[in-house]
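I have placed the structure first, in the form of structure tokens, so that the comments after it can refer back to it.
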Amino acid sequence: MARTPASNVHSGGKTEVRIVIAGDRGTGKSSLIVTAAADNFPVNVPPVLPPTRLPEDFYPDRVPTTIVDTSSRTEDSAKVAEELKRADAVVLTYACDQPHTLDRLSTFWLPKLRQLEVRVPVIVVGCKLDLRDENQQVSLEQVMSPIMQQFREIETCIECSAFKHIQIPEVFYYAQKAVLHPTGPLFDQETQTLKPRCVRALKRIFILCDHDKDGALSDAELNDFQVKCFNAPLQPSEIVGVKRVVQEKLPEGVNDRGLTLTGFLFLHALFIEKGRLETTWTVLRKFGYNNDIKLADELIPALGKRAPDQSVELTNEAIEFLRGIFELYDGDGDGALRPRDLEELFSTAPESPWNESPFRDSAERNAMGGLSIDDFLSLWSLMTLLNPVYTIENLIYIGYSGDPASAVRVTRKRRLDRKKQQLDRNVLQCFVFGPKKAGKSSLLDAFLARPFSETYTPTTEERYAVNVVDQPGGTKKTLILREIPEDGVKKLLSGKESLAACDIALFVHDSSDESSWKKATDLLVEVASHGEDTGYEVPCLIVAAKDDLDSFPLAIQDSTRVSQDMGIEAPIPISTKLGDFNNVFRRIASAAEHPHLSIPETEAGRSRKHYHKIINRSLMFVSVGAAVTIVGLAAYRVYLARKNSSS
């Protein structure tokens with residue numbers, strides 16, 4: 001593990017490195033480039049050199065490097081800015097014999113890079129070291145430390161002399177290395193520790209290499225790891241040496257079984273501190289990580305094109321794997337994963353996927369914040385519906401060893417479900433519409449077994465709630481409620497395919513407020529019309545919330561008329577305050593399971609269907625008449641032919 005053969009160091013997919021060099025006039029930019037490329041100090045150099053290409057064998061990583069010189073003239077600043085934006089790394093120069101050029105780095109050049117949003121490694125180079133005043137005894141570290149504190153993008157500082165050939169190749173070696181093996185993603189310079197995402201990736205690699213799952217890398221496992229990453233075995237004496245180094249600095253890094261995770265992480269921190277970032281990067285890239293310390297895109301299978309009314313679900317194989325994972329991390333066997341259990345479960349992923357919206361508050365949790373197995377699987381179902389690639393990625397992070405493509409399946413088109421009058425999905429999505437203060441959020445809270453609250457908090461963004469619904473016959477369906485704020489309906493329906501992913505739409509109104517009822521029915525007509533216009537018609541149900549309050553006058557007559565006119569069920573009365581839900585969630589799932597029923601019909605839709613029937617009937621009469629005419633003509637021609645032949 002201590003050796004990194006140069007020819008095997010991975011370059012993170014980079015086939016070429018572009019280094020742009022900038023700085024004040026007379027700081028030695030062009031001389032630096034010529035001396036590096038030709039190994040000769042130039043007597044006369046032009047103001048700006050053409051791009052200079054270093055061959056691939058110039059440095060150990062064997063990646064060709066192009067060095068771009070820039071002008072110091074004010075009138076060329078736009079061109080310089082364009083070159084800086086195209087850089088993989090920037091070398092900023094100052095002259096060791098001209099202190100004001102060093103000051104200009106922090107007052108002009110570094111702020112300019114930020115202004116241009118150039119987010120690449122920066123190498124600060126002090127040129128003309130041979131001309132510096134010998135009486136100046138300030139070290140480079142003393143000079144640069146305040147600047148590096150202010151500008152974290154500075155990767156390395158170095159002094160050189162083109163005239164004396166001091167540290168010239170090193171300048172561009174450090175620049176290339178900063179691109180191919182950047183420090184930023186791995187190491188926090190301020191705290192001198194590995195960054196969290198790096199720790200999580202290395203932990204996953206450790207677990208993958210710990211074949212016997214005993215929590216330590218044995219000598220054989222260490223050797224396998226070395227061969228996989230560096231194509232070279234470790235000698236027994238080298239393994240002993242590695243473990244001795246760890247044990248001296250960190251006793252818990254080694255036990256009688258081998259190198260522990262703590263020791264493994266310590267070794268990588270040590271490599272980085274000693275400037276051997278290529279060792280850690282080689283390991284990460286060998287296990288498929290990119291520069292963001294995430295699995296490279298090519299390792300995550302693409303799902304291919306699917307119709308807007310198709311969705312993606314977990315397969316039985318993935319569900320069984322997740323059940324096993326749940327049992328593994330439910331250490332106390334209480335049937336729930338607490339927040340710390342979930343954090344440990346996802347400790348090999350770049351971050352926990354459920355810490356942020358929309359997943360953070362979308363599932364039922366117990367008093368300790370724990371998830372039951374149904375709630376755990378529900379969150380995976382929600383993630384798969386919204387972002388199936390993210391699901392596959394996280395399954396790989398937590399140890400799914402099967403074919404990643406076998407973890408999910410694409411469902412049948414919803415239009416085909418309606419035609420066949422049955423459902424081909426286990427996860428149902430319900431869009432929840434309704435005016436403000438109708439009780440939509442209370443309904444979602446009740447679905448997650450959260451207590452009723454008298455406090456009204458307006459919903460400004462879409463919100464999800466997911467849970468398992470037990471159906472008659474012992475079957476289970478995962479139901480996802482997606483709350484659409486009243487102000488968000490127009491935006492949602494602006495897209496032709498906005499209802500394609502919807503299995504059923506729910507319209508909630510305050511049964512004590514007539515204006516709430518009218519707004520809800522307007523929304524129902526609007527959604528139904530959109531479905532008729534686009535061909536993505538969905539079953540609809542109406543919920544009369546706040547049934548504990550007195551209904552508005554004519555509520556029964558109005559609701560009966562609307563239900564009969566549109567051909568859907570009468571409103572379902574519920575009271576979240578009293579905990580009376582009238583089996584509403586089961587009824588939602590049941591209506592979604594019969595996608596050909598409960599589809600509302602607007603007056604315009606009825607007229608359109610009636611018109612199409614008339615047109616089709618007319619076309620049928622025309623086609624029958626035409627057929628009779630053709631048959632008649634044919635018979636007449638046969639008659640004429642016989643008559644002529646008899647004559």
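In the structure tokens, chains take letters A, B, ... by order of appearance, with residues numbered from 1 within each chain and ligands from 1 in the order shown.
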Worksheet item: Counting only C-alpha atoms, what is within 8 Å of stretch 438-444 of chain A, bar same-chain residues fewer than 5 positions away, as a ChimeraX atom specification?
Response: /A:432-433,452-453,459,464-465,481,483,508-510,516,545-546,576
Could you write those residues out with N, CA and C atoms, as a short mmCIF file (atom, residue, chain, number, x, y, z; two decimals), in the first residue's frame?
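selection.cif, freshly written:
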data_model
loop_
_atom_site.label_atom_id
_atom_site.label_comp_id
_atom_site.auth_asym_id
_atom_site.auth_seq_id
_atom_site.Cartn_x
_atom_site.Cartn_y
_atom_site.Cartn_z
N VAL A 432 -53.03 15.76 -4.51
CA VAL A 432 -54.01 16.33 -3.59
C VAL A 432 -54.18 17.81 -3.90
N PHE A 433 -55.36 18.16 -4.42
CA PHE A 433 -55.69 19.55 -4.76
C PHE A 433 -56.65 20.12 -3.72
N PHE A 452 -53.24 16.03 15.20
CA PHE A 452 -53.91 17.19 14.61
C PHE A 452 -53.43 18.47 15.29
N SER A 453 -53.25 19.52 14.50
CA SER A 453 -52.84 20.82 15.04
C SER A 453 -53.83 21.90 14.62
N THR A 459 -49.13 26.02 3.00
CA THR A 459 -48.16 25.24 2.22
C THR A 459 -47.76 26.05 1.01
N TYR A 464 -44.76 15.85 0.04
CA TYR A 464 -45.11 14.44 -0.14
C TYR A 464 -45.33 13.75 1.19
N ALA A 465 -46.22 12.77 1.19
CA ALA A 465 -46.40 11.87 2.33
C ALA A 465 -46.57 10.47 1.75
N LEU A 481 -49.01 10.55 -1.34
CA LEU A 481 -49.84 11.75 -1.46
C LEU A 481 -48.94 12.93 -1.80
N GLU A 483 -49.08 16.83 -2.22
CA GLU A 483 -49.91 18.03 -2.00
C GLU A 483 -49.51 19.14 -2.97
N VAL A 508 -59.85 18.34 -1.98
CA VAL A 508 -60.23 18.55 -0.58
C VAL A 508 -60.86 19.93 -0.43
N HIS A 509 -61.97 19.99 0.31
CA HIS A 509 -62.56 21.30 0.62
C HIS A 509 -63.03 21.31 2.07
N ASP A 510 -63.17 22.52 2.62
CA ASP A 510 -63.70 22.73 3.97
C ASP A 510 -65.22 22.64 3.86
N SER A 516 -64.96 27.57 -0.22
CA SER A 516 -63.96 26.51 -0.32
C SER A 516 -64.47 25.41 -1.26
N ALA A 545 -63.63 17.83 4.08
CA ALA A 545 -62.89 17.88 5.34
C ALA A 545 -63.62 18.71 6.39
N LYS A 546 -63.14 18.62 7.62
CA LYS A 546 -63.69 19.37 8.76
C LYS A 546 -65.16 19.02 8.99
N THR A 576 -60.23 15.28 10.55
CA THR A 576 -58.90 14.96 11.07
C THR A 576 -58.82 15.35 12.55
#
Worksheet item: Could you write out, as a PyMOL selection string, all the residues of stretch 95-215 of chain A that DSSP marks as alpha helix (DSSP H)?
Response: chain A and resi 99-104+110-115+140-150+168-180+196-209
Discussion item. Ranking A:Val122, A:Leu265, A:Met566, A:Leu428 by minimum distance to A:Thr478 and counting only C-alpha atoms, which one comes first?
Written reply: A:Leu428
Discussion item. Report, in Å to a single decimal, how far apart atom CA of A:Thr183 and atom CA of A:Val389 are.
Written reply: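 Atom CA of A:Thr183 lies 28.4 Å from atom CA of A:Val389.
Atom pair atom CA of A:Pro353 / atom CA of A:Asn394 has a distance of 7.9 Å (rounded to one decimal).
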Under the rule of at most 8 Å, produce a per-residue listing of stretch 359-441 of chain A near stretch 519-536 of chain A: chain, number, name, the closest pair of atoms, and the distance in Å, as a tab-separated table, using only C-alpha atoms.
residue	atom	partner	partner_atom	distance
A:Arg415	CA	A:Tyr536	CA	7.5
A:Phe433	CA	A:Leu523	CA	7.3
A:Gly434	CA	A:Ala520	CA	5.3
A:Pro435	CA	A:Lys519	CA	6.2
So that I have them on file, write out the residues from the current selection with N, CA, C and O atoms, as an mmCIF file, in the first residue's frame.
data_model
loop_
_atom_site.group_PDB
_atom_site.id
_atom_site.type_symbol
_atom_site.label_atom_id
_atom_site.label_comp_id
_atom_site.auth_asym_id
_atom_site.auth_seq_id
_atom_site.Cartn_x
_atom_site.Cartn_y
_atom_site.Cartn_z
ATOM 1 N N ARG A 415 -52.330 4.545 -19.513
ATOM 2 C CA ARG A 415 -53.400 4.454 -20.515
ATOM 3 C C ARG A 415 -53.780 3.001 -20.769
ATOM 4 O O ARG A 415 -54.949 2.667 -20.943
ATOM 5 N N PHE A 433 -55.363 18.163 -4.419
ATOM 6 C CA PHE A 433 -55.686 19.546 -4.758
ATOM 7 C C PHE A 433 -56.655 20.117 -3.722
ATOM 8 O O PHE A 433 -57.322 19.381 -3.000
ATOM 9 N N GLY A 434 -56.758 21.426 -3.699
ATOM 10 C CA GLY A 434 -57.730 22.076 -2.823
ATOM 11 C C GLY A 434 -57.332 23.507 -2.547
ATOM 12 O O GLY A 434 -56.149 23.866 -2.646
ATOM 13 N N PRO A 435 -58.307 24.341 -2.160
ATOM 14 C CA PRO A 435 -57.995 25.739 -1.844
ATOM 15 C C PRO A 435 -57.251 25.845 -0.510
ATOM 16 O O PRO A 435 -57.107 24.859 0.224
#
Worksheet item: How many Å lie between atom CA of A:Ala500 and atom CA of A:Asp403, rounded to one decimal?
Response: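 Calculated distance between atom CA of A:Ala500 and atom CA of A:Asp403 is 29.0 Å.
Ranking A:Thr457, A:Thr27, A:Ser498, A:Ser218 by their shortest atom-to-atom distance to A:Arg257, with only C-alpha atoms included, puts A:Ser218 first.
Nearest residue to A:Ser378 among A:Leu448, A:Ile19, A:Leu342, A:Leu140 is A:Leu448, counting only C-alpha atoms.
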Practice prompt. Can you pull out every residue within 12 Å of A:Asn291, counting only C-alpha atoms, but drop anything in the same chain fewer than 2 positions away, and send it as a list in words?
Written response: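 Close residues of A:Asn291: His10, Ser11, Gly12, Gly13, Lys14, Ala178, Val179, Leu180, His181, Pro182, Thr183, Gly184, Pro185, Leu186, Arg197, Cys198, Ala201, Thr280, Trp281, Thr282, Leu284, Arg285, Gly288, Tyr289, Ile293, Lys294, Leu295, Ala296 and Asp297 of chain A.
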Discussion item. So that I can check the surroundings of A:Cys209, please list as a list in words every protein, DNA and RNA residue that reaches within 10 Å of it, counting only C-alpha atoms and ignoring chain neighbours fewer than 4 positions away.
Written reply: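 In the requested format, the answer is Lys203, Arg204, Ile205, Lys213, Ala216, Leu217, Ser218, Glu221, Leu222, Asp224, Phe225 and Lys228 of chain A.
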Output file for the residues above (N, CA, C and O atoms, as a PDB file, in the first residue's frame):
ATOM      1  N   LYS A 203     -14.507   4.331   3.625  1.00  0.00           N
ATOM      2  CA  LYS A 203     -15.167   3.328   4.473  1.00  0.00           C
ATOM      3  C   LYS A 203     -15.831   2.265   3.605  1.00  0.00           C
ATOM      4  O   LYS A 203     -15.745   1.059   3.896  1.00  0.00           O
ATOM      5  N   ARG A 204     -16.504   2.698   2.541  1.00  0.00           N
ATOM      6  CA  ARG A 204     -17.140   1.721   1.624  1.00  0.00           C
ATOM      7  C   ARG A 204     -16.088   0.811   0.998  1.00  0.00           C
ATOM      8  O   ARG A 204     -16.280  -0.412   0.895  1.00  0.00           O
ATOM      9  N   ILE A 205     -14.964   1.396   0.585  1.00  0.00           N
ATOM     10  CA  ILE A 205     -13.887   0.604  -0.023  1.00  0.00           C
ATOM     11  C   ILE A 205     -13.337  -0.402   0.986  1.00  0.00           C
ATOM     12  O   ILE A 205     -13.098  -1.569   0.654  1.00  0.00           O
ATOM     13  N   LYS A 213     -15.533 -10.015   6.561  1.00  0.00           N
ATOM     14  CA  LYS A 213     -16.407  -9.158   7.371  1.00  0.00           C
ATOM     15  C   LYS A 213     -16.086  -9.212   8.871  1.00  0.00           C
ATOM     16  O   LYS A 213     -16.979  -9.188   9.724  1.00  0.00           O
ATOM     17  N   ALA A 216     -11.552  -5.964   9.964  1.00  0.00           N
ATOM     18  CA  ALA A 216     -10.128  -5.652   9.808  1.00  0.00           C
ATOM     19  C   ALA A 216      -9.627  -6.263   8.503  1.00  0.00           C
ATOM     20  O   ALA A 216     -10.152  -7.276   8.032  1.00  0.00           O
ATOM     21  N   LEU A 217      -8.606  -5.620   7.924  1.00  0.00           N
ATOM     22  CA  LEU A 217      -7.991  -6.152   6.708  1.00  0.00           C
ATOM     23  C   LEU A 217      -6.802  -7.012   7.107  1.00  0.00           C
ATOM     24  O   LEU A 217      -5.810  -6.516   7.652  1.00  0.00           O
ATOM     25  N   SER A 218      -6.937  -8.306   6.851  1.00  0.00           N
ATOM     26  CA  SER A 218      -5.848  -9.236   7.139  1.00  0.00           C
ATOM     27  C   SER A 218      -4.709  -8.991   6.144  1.00  0.00           C
ATOM     28  O   SER A 218      -4.850  -8.222   5.191  1.00  0.00           O
ATOM     29  N   GLU A 221      -5.919  -9.838   2.730  1.00  0.00           N
ATOM     30  CA  GLU A 221      -6.856  -8.830   2.215  1.00  0.00           C
ATOM     31  C   GLU A 221      -6.117  -7.549   1.837  1.00  0.00           C
ATOM     32  O   GLU A 221      -6.450  -6.905   0.832  1.00  0.00           O
ATOM     33  N   LEU A 222      -5.117  -7.169   2.635  1.00  0.00           N
ATOM     34  CA  LEU A 222      -4.296  -5.997   2.299  1.00  0.00           C
ATOM     35  C   LEU A 222      -3.570  -6.206   0.973  1.00  0.00           C
ATOM     36  O   LEU A 222      -3.489  -5.295   0.143  1.00  0.00           O
ATOM     37  N   ASP A 224      -4.504  -8.252  -1.502  1.00  0.00           N
ATOM     38  CA  ASP A 224      -5.502  -8.215  -2.583  1.00  0.00           C
ATOM     39  C   ASP A 224      -5.840  -6.767  -2.944  1.00  0.00           C
ATOM     40  O   ASP A 224      -5.975  -6.417  -4.119  1.00  0.00           O
ATOM     41  N   PHE A 225      -5.992  -5.948  -1.914  1.00  0.00           N
ATOM     42  CA  PHE A 225      -6.288  -4.522  -2.112  1.00  0.00           C
ATOM     43  C   PHE A 225      -5.159  -3.851  -2.904  1.00  0.00           C
ATOM     44  O   PHE A 225      -5.407  -3.093  -3.854  1.00  0.00           O
ATOM     45  N   LYS A 228      -5.222  -4.983  -6.563  1.00  0.00           N
ATOM     46  CA  LYS A 228      -6.356  -4.400  -7.288  1.00  0.00           C
ATOM     47  C   LYS A 228      -6.095  -2.941  -7.655  1.00  0.00           C
ATOM     48  O   LYS A 228      -6.357  -2.515  -8.776  1.00  0.00           O
TER      49      LYS A 228
END
Discussion item. If you run DSSP on the backbone here, which positions in stretch 33-243 of chain A get strand (DSSP E)? Please write them as a PyMOL selection string.
Written reply: chain A and resi 52-54+65-68+89-95+122-127+154-159+187-188+193-194+216-217
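Considering only C-alpha atoms, the residue among A:Val48, A:Val43, A:Ile568, A:Ile272 positioned nearest to A:Pro539 is A:Ile568.
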